[in-house]
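Raw contents of upload-v7.tsv, TSV, C-alpha atoms:
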```tsv
chain	number	residue	atom	x	y	z
A	1	MET	CA	0.00	0.00	0.00
A	2	THR	CA	1.34	3.42	-0.98
A	3	THR	CA	2.00	5.68	2.00
A	4	HIS	CA	2.30	9.47	1.75
A	5	HIS	CA	3.89	11.41	4.59
A	6	ILE	CA	1.99	14.63	5.27
A	7	ALA	CA	3.06	17.54	7.46
A	8	LEU	CA	0.14	19.17	9.30
A	9	VAL	CA	0.69	22.80	10.33
A	10	PRO	CA	-2.54	24.09	11.93
A	11	GLY	CA	-1.08	27.52	12.68
A	12	ASP	CA	-3.37	30.14	14.19
A	13	GLY	CA	-7.03	30.97	14.76
A	14	ILE	CA	-9.47	28.90	12.76
A	15	GLY	CA	-6.57	27.06	11.15
A	16	THR	CA	-6.62	24.77	14.17
A	17	GLU	CA	-10.37	24.22	13.66
A	18	VAL	CA	-10.47	23.47	9.92
A	19	LEU	CA	-7.49	21.13	9.65
A	20	PRO	CA	-9.07	18.28	11.70
A	21	PRO	CA	-12.12	18.12	9.35
A	22	ALA	CA	-9.77	18.05	6.35
A	23	ARG	CA	-7.87	15.17	7.92
A	24	ARG	CA	-11.08	13.22	8.55
A	25	VAL	CA	-12.03	13.65	4.90
A	26	LEU	CA	-8.56	12.57	3.79
A	27	ASP	CA	-8.70	9.45	5.96
A	28	THR	CA	-12.11	8.53	4.57
A	29	VAL	CA	-11.15	8.73	0.90
A	30	SER	CA	-7.69	7.23	1.38
A	31	ARG	CA	-9.24	4.07	2.88
A	32	ARG	CA	-11.66	3.82	-0.03
A	33	HIS	CA	-8.96	4.23	-2.66
A	34	GLY	CA	-6.37	1.99	-1.07
A	35	PHE	CA	-3.55	4.29	-0.01
A	36	ARG	CA	-2.34	5.48	3.37
A	37	LEU	CA	-1.58	8.91	4.78
A	38	ALA	CA	0.89	9.21	7.65
A	39	TYR	CA	0.83	12.54	9.49
A	40	THR	CA	3.37	14.55	11.43
A	41	ALA	CA	1.80	17.47	13.29
A	42	TYR	CA	3.61	20.74	13.94
A	43	ASP	CA	1.09	22.22	16.35
A	44	ASP	CA	3.49	24.71	17.89
A	45	TRP	CA	4.47	26.53	14.69
A	46	SER	CA	2.32	29.60	15.21
A	47	CYS	CA	2.01	33.13	16.48
A	48	ALA	CA	1.73	31.71	19.99
A	49	SER	CA	5.22	30.32	19.51
A	50	TYR	CA	6.42	33.71	18.26
A	51	LEU	CA	4.98	35.51	21.28
A	52	ARG	CA	6.58	32.99	23.59
A	53	GLU	CA	9.93	32.32	21.89
A	54	GLY	CA	10.37	34.97	19.20
A	55	ALA	CA	10.07	32.61	16.23
A	56	MET	CA	7.17	31.22	14.20
A	57	MET	CA	9.04	27.95	13.63
A	58	PRO	CA	12.41	26.51	14.65
A	59	ASP	CA	15.61	27.38	12.82
A	60	ASP	CA	15.62	23.89	11.31
A	61	GLY	CA	11.94	24.06	10.31
A	62	LEU	CA	12.55	23.55	6.59
A	63	ASP	CA	14.79	20.56	7.32
A	64	GLN	CA	11.98	19.01	9.36
A	65	LEU	CA	9.59	19.36	6.41
A	66	ARG	CA	11.98	18.45	3.61
A	67	ASP	CA	11.32	14.70	3.59
A	68	LYS	CA	7.51	15.03	3.60
A	69	ASP	CA	5.44	14.39	0.49
A	70	ALA	CA	3.20	17.41	1.09
A	71	ILE	CA	2.31	20.06	3.67
A	72	LEU	CA	-1.25	20.90	4.73
A	73	LEU	CA	-1.46	24.27	6.46
A	74	GLY	CA	-4.37	25.82	8.35
A	75	ALA	CA	-3.80	29.58	8.68
A	76	VAL	CA	-1.24	32.11	9.89
A	77	GLY	CA	-1.89	35.32	11.80
A	78	HIS	CA	-2.85	36.80	15.17
A	79	PRO	CA	-3.81	40.35	16.21
A	80	ASP	CA	-0.87	40.53	18.63
A	81	VAL	CA	1.70	39.78	15.92
A	82	PRO	CA	2.20	42.11	12.93
A	83	ASP	CA	1.15	40.39	9.73
A	84	HIS	CA	4.50	40.86	8.03
A	85	VAL	CA	6.18	39.15	10.99
A	86	SER	CA	3.92	36.09	10.99
A	87	LEU	CA	3.90	35.72	7.22
A	88	TRP	CA	7.65	36.12	6.75
A	89	GLY	CA	8.29	33.88	9.73
A	90	LEU	CA	6.48	30.81	8.43
A	91	LEU	CA	4.56	30.87	5.18
A	92	ILE	CA	6.95	32.73	2.90
A	93	PRO	CA	10.10	30.86	4.02
A	94	ILE	CA	8.35	27.58	3.16
A	95	ARG	CA	7.19	28.88	-0.23
A	96	ARG	CA	10.61	30.20	-1.16
A	97	GLY	CA	12.78	27.60	0.51
A	98	PHE	CA	10.93	24.85	-1.32
A	99	GLN	CA	10.62	26.73	-4.63
A	100	GLN	CA	6.82	26.62	-4.56
A	101	TYR	CA	6.69	29.13	-7.37
A	102	VAL	CA	3.14	28.32	-8.54
A	103	ASN	CA	0.28	29.49	-6.36
A	104	LEU	CA	-2.80	27.78	-7.77
A	105	ARG	CA	-6.23	29.09	-6.79
A	106	PRO	CA	-9.29	27.46	-8.38
A	107	ILE	CA	-12.50	29.49	-8.32
A	108	ARG	CA	-15.92	27.94	-8.88
A	109	VAL	CA	-19.50	29.05	-8.35
A	110	PHE	CA	-21.24	26.05	-6.81
A	111	ARG	CA	-24.92	25.36	-7.24
A	112	GLY	CA	-26.57	26.31	-3.97
A	113	VAL	CA	-24.17	29.15	-3.14
A	114	ASP	CA	-25.46	32.56	-4.14
A	115	SER	CA	-22.85	34.83	-5.60
A	116	PRO	CA	-23.14	38.54	-4.78
A	117	VAL	CA	-22.58	39.08	-8.52
A	118	ARG	CA	-25.69	38.65	-10.67
A	119	GLY	CA	-23.81	37.28	-13.65
A	120	ALA	CA	-21.86	34.65	-11.70
A	121	LEU	CA	-23.91	31.52	-12.34
A	122	PRO	CA	-23.23	27.90	-11.30
A	123	GLY	CA	-21.72	25.88	-14.09
A	124	GLU	CA	-20.52	28.99	-15.89
A	125	VAL	CA	-17.88	30.41	-13.55
A	126	ASP	CA	-15.04	27.91	-13.23
A	127	LEU	CA	-11.59	29.44	-13.46
A	128	VAL	CA	-8.08	29.18	-12.05
A	129	VAL	CA	-5.73	31.96	-11.01
A	130	VAL	CA	-2.07	31.03	-11.43
A	131	ARG	CA	-0.04	33.40	-9.29
A	132	GLU	CA	3.73	33.74	-9.33
A	133	ASN	CA	4.66	32.86	-5.76
A	134	THR	CA	8.32	33.51	-4.98
A	135	GLU	CA	9.41	36.88	-6.41
A	136	GLY	CA	7.72	39.86	-8.07
A	137	GLU	CA	6.43	42.63	-5.86
A	138	TYR	CA	6.92	40.62	-2.65
A	139	SER	CA	10.70	40.89	-2.42
A	140	GLU	CA	12.98	41.45	0.52
A	141	ILE	CA	14.98	44.14	-1.27
A	142	GLY	CA	14.48	47.62	0.16
A	143	GLY	CA	14.40	49.37	3.48
A	144	ARG	CA	13.49	52.45	5.48
A	145	LEU	CA	15.58	55.50	6.26
A	146	ASN	CA	15.19	58.37	8.73
A	147	ARG	CA	12.55	56.59	10.78
A	148	GLY	CA	10.26	58.96	12.65
A	149	LEU	CA	11.58	62.07	10.92
A	150	PRO	CA	9.64	64.25	8.46
A	151	GLU	CA	11.91	63.08	5.64
A	152	GLU	CA	11.42	59.37	6.42
A	153	LEU	CA	11.26	57.19	3.33
A	154	ALA	CA	10.55	53.57	2.46
A	155	VAL	CA	11.89	51.74	-0.61
A	156	GLN	CA	10.53	48.41	-1.83
A	157	GLU	CA	12.00	46.80	-4.93
A	158	ALA	CA	10.05	44.45	-7.20
A	159	VAL	CA	12.09	41.59	-8.63
A	160	PHE	CA	11.15	39.89	-11.90
A	161	THR	CA	13.59	37.36	-13.35
A	162	ARG	CA	13.46	35.68	-16.74
A	163	THR	CA	13.54	32.28	-15.05
A	164	GLY	CA	10.90	33.16	-12.48
A	165	VAL	CA	8.41	34.63	-14.94
A	166	THR	CA	8.96	32.04	-17.67
A	167	ARG	CA	8.45	29.01	-15.45
A	168	VAL	CA	5.16	30.18	-13.95
A	169	VAL	CA	3.83	31.37	-17.31
A	170	ASP	CA	4.81	28.06	-18.92
A	171	TYR	CA	2.90	26.25	-16.18
A	172	ALA	CA	-0.16	28.44	-16.77
A	173	PHE	CA	-0.13	27.85	-20.53
A	174	GLY	CA	0.13	24.10	-19.95
A	175	LEU	CA	-2.80	24.23	-17.57
A	176	ALA	CA	-4.81	26.27	-20.07
A	177	ALA	CA	-4.12	23.68	-22.77
A	178	ASP	CA	-5.43	20.92	-20.47
A	179	ARG	CA	-8.55	22.91	-19.56
A	180	GLY	CA	-9.61	23.98	-23.02
A	181	GLY	CA	-7.11	26.51	-24.29
A	182	ARG	CA	-7.88	30.02	-22.91
A	183	LEU	CA	-5.47	32.18	-20.92
A	184	THR	CA	-5.47	35.78	-19.74
A	185	SER	CA	-2.31	37.52	-18.55
A	186	ALA	CA	-2.67	40.30	-15.98
A	187	THR	CA	-0.38	43.25	-16.66
A	188	LYS	CA	0.00	46.97	-15.98
A	189	SER	CA	2.58	47.86	-18.59
A	190	ASN	CA	0.94	51.22	-19.32
A	191	GLY	CA	1.97	52.46	-15.88
A	192	ILE	CA	4.78	50.21	-14.62
A	193	VAL	CA	7.45	50.80	-17.21
A	194	HIS	CA	10.10	48.16	-16.54
A	195	THR	CA	8.82	44.99	-14.91
A	196	MET	CA	5.46	44.77	-16.67
A	197	PRO	CA	6.73	45.21	-20.27
A	198	PHE	CA	9.30	42.53	-19.37
A	199	TRP	CA	6.45	40.31	-18.12
A	200	ASP	CA	4.48	40.95	-21.33
A	201	GLU	CA	7.45	40.04	-23.55
A	202	LEU	CA	7.96	36.73	-21.74
A	203	VAL	CA	4.23	35.91	-21.90
A	204	ALA	CA	4.24	36.57	-25.66
A	205	ALA	CA	7.28	34.33	-26.11
A	206	CYS	CA	5.60	31.58	-24.14
A	207	GLY	CA	2.38	32.04	-26.12
A	208	ALA	CA	4.32	31.43	-29.33
A	209	ARG	CA	5.41	28.08	-27.90
A	210	HIS	CA	1.78	27.16	-27.16
A	211	PRO	CA	-0.14	27.72	-30.42
A	212	ASP	CA	-2.98	25.56	-29.06
A	213	VAL	CA	-3.81	28.18	-26.42
A	214	ALA	CA	-5.74	31.35	-27.22
A	215	TRP	CA	-4.41	34.10	-24.98
A	216	GLU	CA	-4.86	37.78	-24.27
A	217	GLN	CA	-3.49	40.32	-21.85
A	218	GLU	CA	-5.53	42.71	-19.70
A	219	HIS	CA	-4.44	45.61	-17.56
A	220	VAL	CA	-5.06	44.48	-14.01
A	221	ASP	CA	-7.45	47.30	-13.13
A	222	ALA	CA	-9.68	46.55	-16.12
A	223	LEU	CA	-9.36	42.83	-15.41
A	224	ALA	CA	-10.58	43.35	-11.85
A	225	ALA	CA	-13.65	45.14	-13.16
A	226	LYS	CA	-14.35	42.48	-15.79
A	227	LEU	CA	-14.02	39.68	-13.22
A	228	VAL	CA	-17.05	41.22	-11.56
A	229	LEU	CA	-18.93	42.17	-14.72
A	230	GLU	CA	-18.15	39.06	-16.82
A	231	PRO	CA	-16.63	36.36	-14.59
A	232	ALA	CA	-17.66	33.51	-16.91
A	233	ARG	CA	-15.38	34.73	-19.72
A	234	TYR	CA	-12.21	33.69	-17.87
A	235	ASP	CA	-10.58	30.28	-17.64
A	236	VAL	CA	-6.90	30.57	-16.63
A	237	ILE	CA	-5.50	33.87	-15.37
A	238	VAL	CA	-1.75	34.18	-14.87
A	239	ALA	CA	-0.44	37.05	-12.80
A	240	SER	CA	2.49	38.34	-10.80
A	241	ASN	CA	2.69	37.84	-7.05
A	242	LEU	CA	0.77	40.98	-6.03
A	243	PHE	CA	-1.72	41.01	-8.90
A	244	GLY	CA	-2.46	37.31	-8.48
A	245	ASP	CA	-2.97	37.74	-4.74
A	246	VAL	CA	-5.54	40.49	-5.21
A	247	LEU	CA	-7.33	38.96	-8.20
A	248	SER	CA	-7.72	35.54	-6.58
A	249	ASP	CA	-9.31	36.99	-3.45
A	250	LEU	CA	-11.63	39.10	-5.59
A	251	ALA	CA	-12.60	36.04	-7.63
A	252	ALA	CA	-13.22	34.03	-4.45
A	253	ALA	CA	-15.64	36.73	-3.27
A	254	VAL	CA	-17.37	36.58	-6.66
A	255	ALA	CA	-17.82	32.83	-6.02
A	256	GLY	CA	-19.74	33.57	-2.83
A	257	SER	CA	-17.33	33.24	0.08
A	258	ILE	CA	-13.62	33.36	0.69
A	259	GLY	CA	-14.32	30.62	3.25
A	260	ILE	CA	-14.55	27.97	0.52
A	261	ALA	CA	-11.48	29.02	-1.49
A	262	PRO	CA	-8.48	26.66	-1.63
A	263	ALA	CA	-4.89	27.24	-2.64
A	264	ALA	CA	-1.92	25.12	-3.65
A	265	ASN	CA	1.70	26.27	-3.40
A	266	LEU	CA	3.34	24.00	-5.94
A	267	ASN	CA	6.86	22.95	-6.71
A	268	PRO	CA	5.99	21.42	-10.09
A	269	GLU	CA	9.33	19.62	-10.40
A	270	ARG	CA	8.60	17.84	-7.07
A	271	THR	CA	12.14	18.47	-5.90
A	272	PHE	CA	10.58	19.74	-2.66
A	273	PRO	CA	7.22	19.18	-0.96
A	274	SER	CA	4.30	21.36	-2.06
A	275	MET	CA	2.00	23.08	0.43
A	276	PHE	CA	-1.80	23.34	0.45
A	277	GLU	CA	-3.85	25.86	2.43
A	278	PRO	CA	-7.25	27.55	2.55
A	279	VAL	CA	-7.27	31.19	1.52
A	280	HIS	CA	-9.43	32.50	4.36
A	281	GLY	CA	-6.69	33.28	6.90
A	282	SER	CA	-6.86	32.87	10.66
A	283	ALA	CA	-10.13	34.87	11.11
A	284	PRO	CA	-9.55	35.81	14.77
A	285	ASP	CA	-13.03	37.35	14.97
A	286	ILE	CA	-14.65	33.91	14.83
A	287	ALA	CA	-11.84	31.71	16.18
A	288	GLY	CA	-12.88	29.43	18.99
A	289	ARG	CA	-16.60	29.64	18.25
A	290	GLY	CA	-16.82	26.43	16.24
A	291	VAL	CA	-18.44	28.07	13.21
A	292	ALA	CA	-15.53	28.21	10.75
A	293	ASN	CA	-16.23	26.93	7.26
A	294	PRO	CA	-13.98	23.87	6.70
A	295	LEU	CA	-14.55	23.78	2.94
A	296	GLY	CA	-11.46	25.82	2.07
A	297	ALA	CA	-9.25	23.36	3.97
A	298	ILE	CA	-11.11	20.34	2.60
A	299	TRP	CA	-10.88	21.54	-1.00
A	300	SER	CA	-7.19	22.30	-0.43
A	301	ALA	CA	-6.80	18.71	0.79
A	302	ALA	CA	-8.40	17.56	-2.46
A	303	LEU	CA	-5.83	19.58	-4.41
A	304	MET	CA	-3.17	17.81	-2.38
A	305	LEU	CA	-4.60	14.40	-3.29
A	306	ASP	CA	-4.55	15.33	-6.96
A	307	HIS	CA	-0.94	16.48	-6.66
A	308	LEU	CA	-0.03	13.17	-5.01
A	309	GLY	CA	-1.47	11.28	-7.97
A	310	HIS	CA	-4.89	10.34	-6.56
A	311	ARG	CA	-7.15	12.18	-8.99
A	312	GLU	CA	-10.17	9.93	-8.42
A	313	ALA	CA	-9.97	10.41	-4.65
A	314	ALA	CA	-9.70	14.17	-5.15
A	315	GLY	CA	-12.73	14.00	-7.45
A	316	ASP	CA	-14.72	12.20	-4.75
A	317	VAL	CA	-14.06	15.09	-2.39
A	318	THR	CA	-14.97	17.88	-4.79
A	319	HIS	CA	-18.05	15.96	-5.93
A	320	ALA	CA	-19.17	15.58	-2.31
A	321	ILE	CA	-18.66	19.33	-1.75
A	322	ALA	CA	-20.76	20.16	-4.82
A	323	THR	CA	-23.47	17.67	-3.85
A	324	LEU	CA	-23.71	18.92	-0.28
A	325	LEU	CA	-24.09	22.52	-1.41
A	326	ALA	CA	-26.55	21.69	-4.21
A	327	THR	CA	-28.85	19.28	-2.37
A	328	THR	CA	-28.90	20.33	1.29
A	329	ASP	CA	-29.36	23.49	3.33
A	330	VAL	CA	-26.38	22.73	5.57
A	331	ARG	CA	-24.39	25.95	5.64
A	332	THR	CA	-21.90	27.61	7.96
A	333	PRO	CA	-22.62	31.27	8.88
A	334	ASP	CA	-20.37	32.70	6.14
A	335	LEU	CA	-22.70	31.01	3.63
A	336	GLY	CA	-25.84	32.29	5.36
A	337	GLY	CA	-26.53	29.22	7.50
A	338	THR	CA	-26.28	28.19	11.13
A	339	ALA	CA	-24.31	24.93	10.94
A	340	SER	CA	-21.27	24.49	13.13
A	341	THR	CA	-17.95	23.31	11.74
A	342	GLU	CA	-18.65	19.87	13.22
A	343	HIS	CA	-22.18	19.64	11.82
A	344	PHE	CA	-21.01	20.69	8.37
A	345	THR	CA	-18.16	18.18	8.43
A	346	GLU	CA	-20.44	15.33	9.52
A	347	ALA	CA	-22.84	16.11	6.66
A	348	LEU	CA	-20.00	16.00	4.15
A	349	LEU	CA	-18.60	12.76	5.57
A	350	GLN	CA	-22.03	11.14	5.26
A	351	LEU	CA	-22.00	11.94	1.54
A	352	LEU	CA	-18.50	10.55	1.19
```
Rewrite the coordinates I just gave you, this time as structure tokens.
Amino acid sequence: MTTHHIALVPGDGIGTEVLPPARRVLDTVSRRHGFRLAYTAYDDWSCASYLREGAMMPDDGLDQLRDKDAILLGAVGHPDVPDHVSLWGLLIPIRRGFQQYVNLRPIRVFRGVDSPVRGALPGEVDLVVVRENTEGEYSEIGGRLNRGLPEELAVQEAVFTRTGVTRVVDYAFGLAADRGGRLTSATKSNGIVHTMPFWDELVAACGARHPDVAWEQEHVDALAAKLVLEPARYDVIVASNLFGDVLSDLAAAVAGSIGIAPAANLNPERTFPSMFEPVHGSAPDIAGRGVANPLGAIWSAALMLDHLGHREAAGDVTHAIATLLATTDVRTPDLGGTASTEHFTEALLQLL
């Protein structure tokens, strides 16, 4: 029997509440499909650890994860720890240390979940945002001078490399070819005069290598508007780190709730483990109340199964999610219902 070794990092807030349901779902489908998942939990890698010891994870954290087949993460963040400290102390070192340069965020309007956008209909809105995940606007290059003085300044450098852009764009074109052959590149080359024209040139070169894919480029501000006005027109969107971050959260809101949105941080070469996480964050306003929506974590777990080579098992999970939403009124509060995390999970497990 195949065994996959999974690192569980619950993190903070509702991350600790949504990872156990995801694990129960994983155990259910793995038994059915004849493979085994072995877990190692890293319960203390969190903001609580930072407040106590000054670090989100140990100095050898990456070495502890390196031999795992995948990482399933809950959420990172706490009101008592600045966001840039928690993020750069755990999530970003894993993404960059393990070259998880593809951030994959599927967006789907499910039957039974009302979108706040009139034109976002079930069966019509089904897209993927491919976000560059290790460079771009989120670089460490820069600094601040003259802190606290009237002439204080802050400098932040964006970093776009030929290798970094080409590999994520190549991945996106390949995904578009598998899904039906439509890709949109997010740019802002009319206002950002160096990095975005460079991005556009590399997208065009990649497009020439993929004649089976119809592609276009959109300025990110217009693209944001069109995602709301015409969400069904998009299939695969490829974007830089910042643009992809913003567009994927916008698209998740179009789909009805950020609580159901999954994400995969992929190292496509599989040299290192990939990491899977819900998009919703730690949500400290509802943490501890037992009402967190576990769907984002469960769908992320399905992405992990697909990455590990168990596509049918992953399909069982996403089919159960769609069936639950389409045929029952079981909903957590973010979807307009009253179900607890436990009640929602039990309903999904019954379908599985």
Could you give me, as a tab-separated table, a per-residue list for segment 167-267 of chain A showing, wherever an atom lies at most 12 Å from an atom of segment 16-36 of chain A, the closest pair of atoms and their distance in Å to one decimal, using all atoms listed in the file and sorting by chain then residue number from low to high?
```
residue	atom	partner	partner_atom	distance
A:Gly259	CA	A:Val18	CA	10.5
A:Ile260	CA	A:Val18	CA	11.2
A:Pro262	CA	A:Ala22	CA	11.8
```
| query | Can you tell me how far atom CA of Thr271 of chain A sits from atom CA of Leu65 of chain A, in Å to one decimal? | reply |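 Atom CA of Leu65 of chain A lies 12.6 Å from atom CA of Thr271 of chain A.
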| message | Please return as a list in words every residue within 12 Å of (10.0, 36.0, 6.3), taking into account all atoms listed in the file and the file's own coordinates. | response |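 Checking each residue against the 12 Å limit leaves Ala55, Met56, Met57, Pro82, Asp83, His84, Val85, Ser86, Leu87, Trp88, Gly89, Leu90, Leu91, Ile92, Pro93, Ile94, Arg95, Arg96, Gly97, Thr134, Tyr138, Ser139 and Glu140 of chain A.
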| note | atom CA of Phe276 of chain A sits from atom CA of Ala158 of chain A at a separation of 25.4 Å
| query | To one decimal place, how far is atom CA of Cys206 of chain A from atom CA of Ile192 of chain A in Å? | reply |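 Going from atom CA of Cys206 of chain A over to atom CA of Ile192 of chain A, I get 20.9 Å.
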Which segment 152-180 of chain A residues have any atom within 9 Å of an atom of segment 236-255 of chain A, and for each, what is the nearest pair of atoms with distance in Å to one decimal, counting only C-alpha atoms, rows sorted by chain and number, as a Markdown table?
```
| residue | atom | partner | partner_atom | distance |
| --- | --- | --- | --- | --- |
| A:Phe160 | CA | A:Ser240 | CA | 8.9 |
| A:Val165 | CA | A:Ser240 | CA | 8.1 |
| A:Val168 | CA | A:Val238 | CA | 8.0 |
| A:Val169 | CA | A:Val238 | CA | 6.7 |
| A:Ala172 | CA | A:Val238 | CA | 6.3 |
| A:Phe173 | CA | A:Val236 | CA | 8.3 |
| A:Leu175 | CA | A:Val236 | CA | 7.6 |
| A:Ala176 | CA | A:Val236 | CA | 5.9 |
| A:Arg179 | CA | A:Val236 | CA | 8.4 |
```
Please tabulate, as a Markdown table, the residues of segment 246-309 of chain A that come within 8 Å of segment 331-344 of chain A, each with its closest pair of atoms and the distance in Å to one decimal, counting only C-alpha atoms and ordering rows by chain, then residue number upward.
```
| residue | atom | partner | partner_atom | distance |
| --- | --- | --- | --- | --- |
| A:Gly256 | CA | A:Leu335 | CA | 7.6 |
| A:Ser257 | CA | A:Asp334 | CA | 6.8 |
| A:Gly259 | CA | A:Asp334 | CA | 7.0 |
| A:Gly290 | CA | A:Thr341 | CA | 5.6 |
| A:Val291 | CA | A:Ser340 | CA | 4.6 |
| A:Ala292 | CA | A:Thr341 | CA | 5.6 |
| A:Asn293 | CA | A:Thr332 | CA | 5.8 |
| A:Pro294 | CA | A:Thr341 | CA | 6.4 |
```
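Proximity to Asp67 of chain A was assessed for A:Ala261, A:Leu351, A:Ile6, A:Val203 counting all atoms listed in the file; the smallest distance is recorded for A:Ile6.
The closest residue to Phe110 of chain A, picked from A:Ala263, A:Ala177, A:Leu153, A:Val125 and counting only C-alpha atoms, is A:Val125.
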| request: Could you check which of A:Ala302, A:Leu72, A:Ala297, A:Val9 is closest to Ser46 of chain A, using only C-alpha atoms? | output: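 Distance minimum relative to Ser46 of chain A lands on A:Val9.
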| message | Using all atoms listed in the file - which residues lie no farther than 10 Å from the point (2.7, 32.5, 19.5) in the file's frame? Write them as a ChimeraX atom specification. | response | /A:11-12,44-57,77-78,80-81,86
Create the file for the chosen residues now, containing C-alpha atoms and written as a PDB file, keeping the file's coordinate frame.
```pdb
ATOM      1  CA  GLY A  11      -1.080  27.520  12.680  1.00  0.00           C
ATOM      2  CA  ASP A  12      -3.370  30.140  14.190  1.00  0.00           C
ATOM      3  CA  ASP A  44       3.490  24.710  17.890  1.00  0.00           C
ATOM      4  CA  TRP A  45       4.470  26.530  14.690  1.00  0.00           C
ATOM      5  CA  SER A  46       2.320  29.600  15.210  1.00  0.00           C
ATOM      6  CA  CYS A  47       2.010  33.130  16.480  1.00  0.00           C
ATOM      7  CA  ALA A  48       1.730  31.710  19.990  1.00  0.00           C
ATOM      8  CA  SER A  49       5.220  30.320  19.510  1.00  0.00           C
ATOM      9  CA  TYR A  50       6.420  33.710  18.260  1.00  0.00           C
ATOM     10  CA  LEU A  51       4.980  35.510  21.280  1.00  0.00           C
ATOM     11  CA  ARG A  52       6.580  32.990  23.590  1.00  0.00           C
ATOM     12  CA  GLU A  53       9.930  32.320  21.890  1.00  0.00           C
ATOM     13  CA  GLY A  54      10.370  34.970  19.200  1.00  0.00           C
ATOM     14  CA  ALA A  55      10.070  32.610  16.230  1.00  0.00           C
ATOM     15  CA  MET A  56       7.170  31.220  14.200  1.00  0.00           C
ATOM     16  CA  MET A  57       9.040  27.950  13.630  1.00  0.00           C
ATOM     17  CA  GLY A  77      -1.890  35.320  11.800  1.00  0.00           C
ATOM     18  CA  HIS A  78      -2.850  36.800  15.170  1.00  0.00           C
ATOM     19  CA  ASP A  80      -0.870  40.530  18.630  1.00  0.00           C
ATOM     20  CA  VAL A  81       1.700  39.780  15.920  1.00  0.00           C
ATOM     21  CA  SER A  86       3.920  36.090  10.990  1.00  0.00           C
TER      22      SER A  86
END
```
Could you name the residues that touch Gly123 of chain A at 12 Å or less, counting all atoms listed in the file, but leaving out those on the same chain fewer than 2 positions away, as an mmCIF file with C-alpha atoms, in the coordinates of the input?
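Contents of selection11.cif, as written:
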```cif
data_model
loop_
_atom_site.group_PDB
_atom_site.id
_atom_site.type_symbol
_atom_site.label_atom_id
_atom_site.label_comp_id
_atom_site.auth_asym_id
_atom_site.auth_seq_id
_atom_site.Cartn_x
_atom_site.Cartn_y
_atom_site.Cartn_z
ATOM 1 C CA ILE A 107 -12.500 29.490 -8.320
ATOM 2 C CA ARG A 108 -15.920 27.940 -8.880
ATOM 3 C CA VAL A 109 -19.500 29.050 -8.350
ATOM 4 C CA PHE A 110 -21.240 26.050 -6.810
ATOM 5 C CA ARG A 111 -24.920 25.360 -7.240
ATOM 6 C CA GLY A 112 -26.570 26.310 -3.970
ATOM 7 C CA VAL A 113 -24.170 29.150 -3.140
ATOM 8 C CA GLY A 119 -23.810 37.280 -13.650
ATOM 9 C CA ALA A 120 -21.860 34.650 -11.700
ATOM 10 C CA LEU A 121 -23.910 31.520 -12.340
ATOM 11 C CA VAL A 125 -17.880 30.410 -13.550
ATOM 12 C CA ASP A 126 -15.040 27.910 -13.230
ATOM 13 C CA LEU A 127 -11.590 29.440 -13.460
ATOM 14 C CA PRO A 231 -16.630 36.360 -14.590
ATOM 15 C CA ALA A 232 -17.660 33.510 -16.910
ATOM 16 C CA ALA A 255 -17.820 32.830 -6.020
ATOM 17 C CA ALA A 322 -20.760 20.160 -4.820
ATOM 18 C CA ALA A 326 -26.550 21.690 -4.210
#
```
| segment 212-229 of chain A: which residues within 6 Å, counting all atoms listed in the file, same-chain residues fewer than 4 positions away excluded, as an MDAnalysis selection string? | chainID A and resid 177 181:188
| task | Point out the residue among A:Gly136, A:Gly174, A:Pro106, A:Gly207 with the least atom-to-atom distance to Glu157 of chain A, counting only C-alpha atoms. | result |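 So, comparing all the options, the nearest one is A:Gly136.
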| query | When distances are computed from all atoms listed in the file, which of A:Gly61, A:Gly191, A:Pro268, A:Gly281 shows the smallest separation from Val102 of chain A? | reply |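 Nearest candidate to Val102 of chain A out of A:Gly61, A:Gly191, A:Pro268, A:Gly281: A:Pro268.
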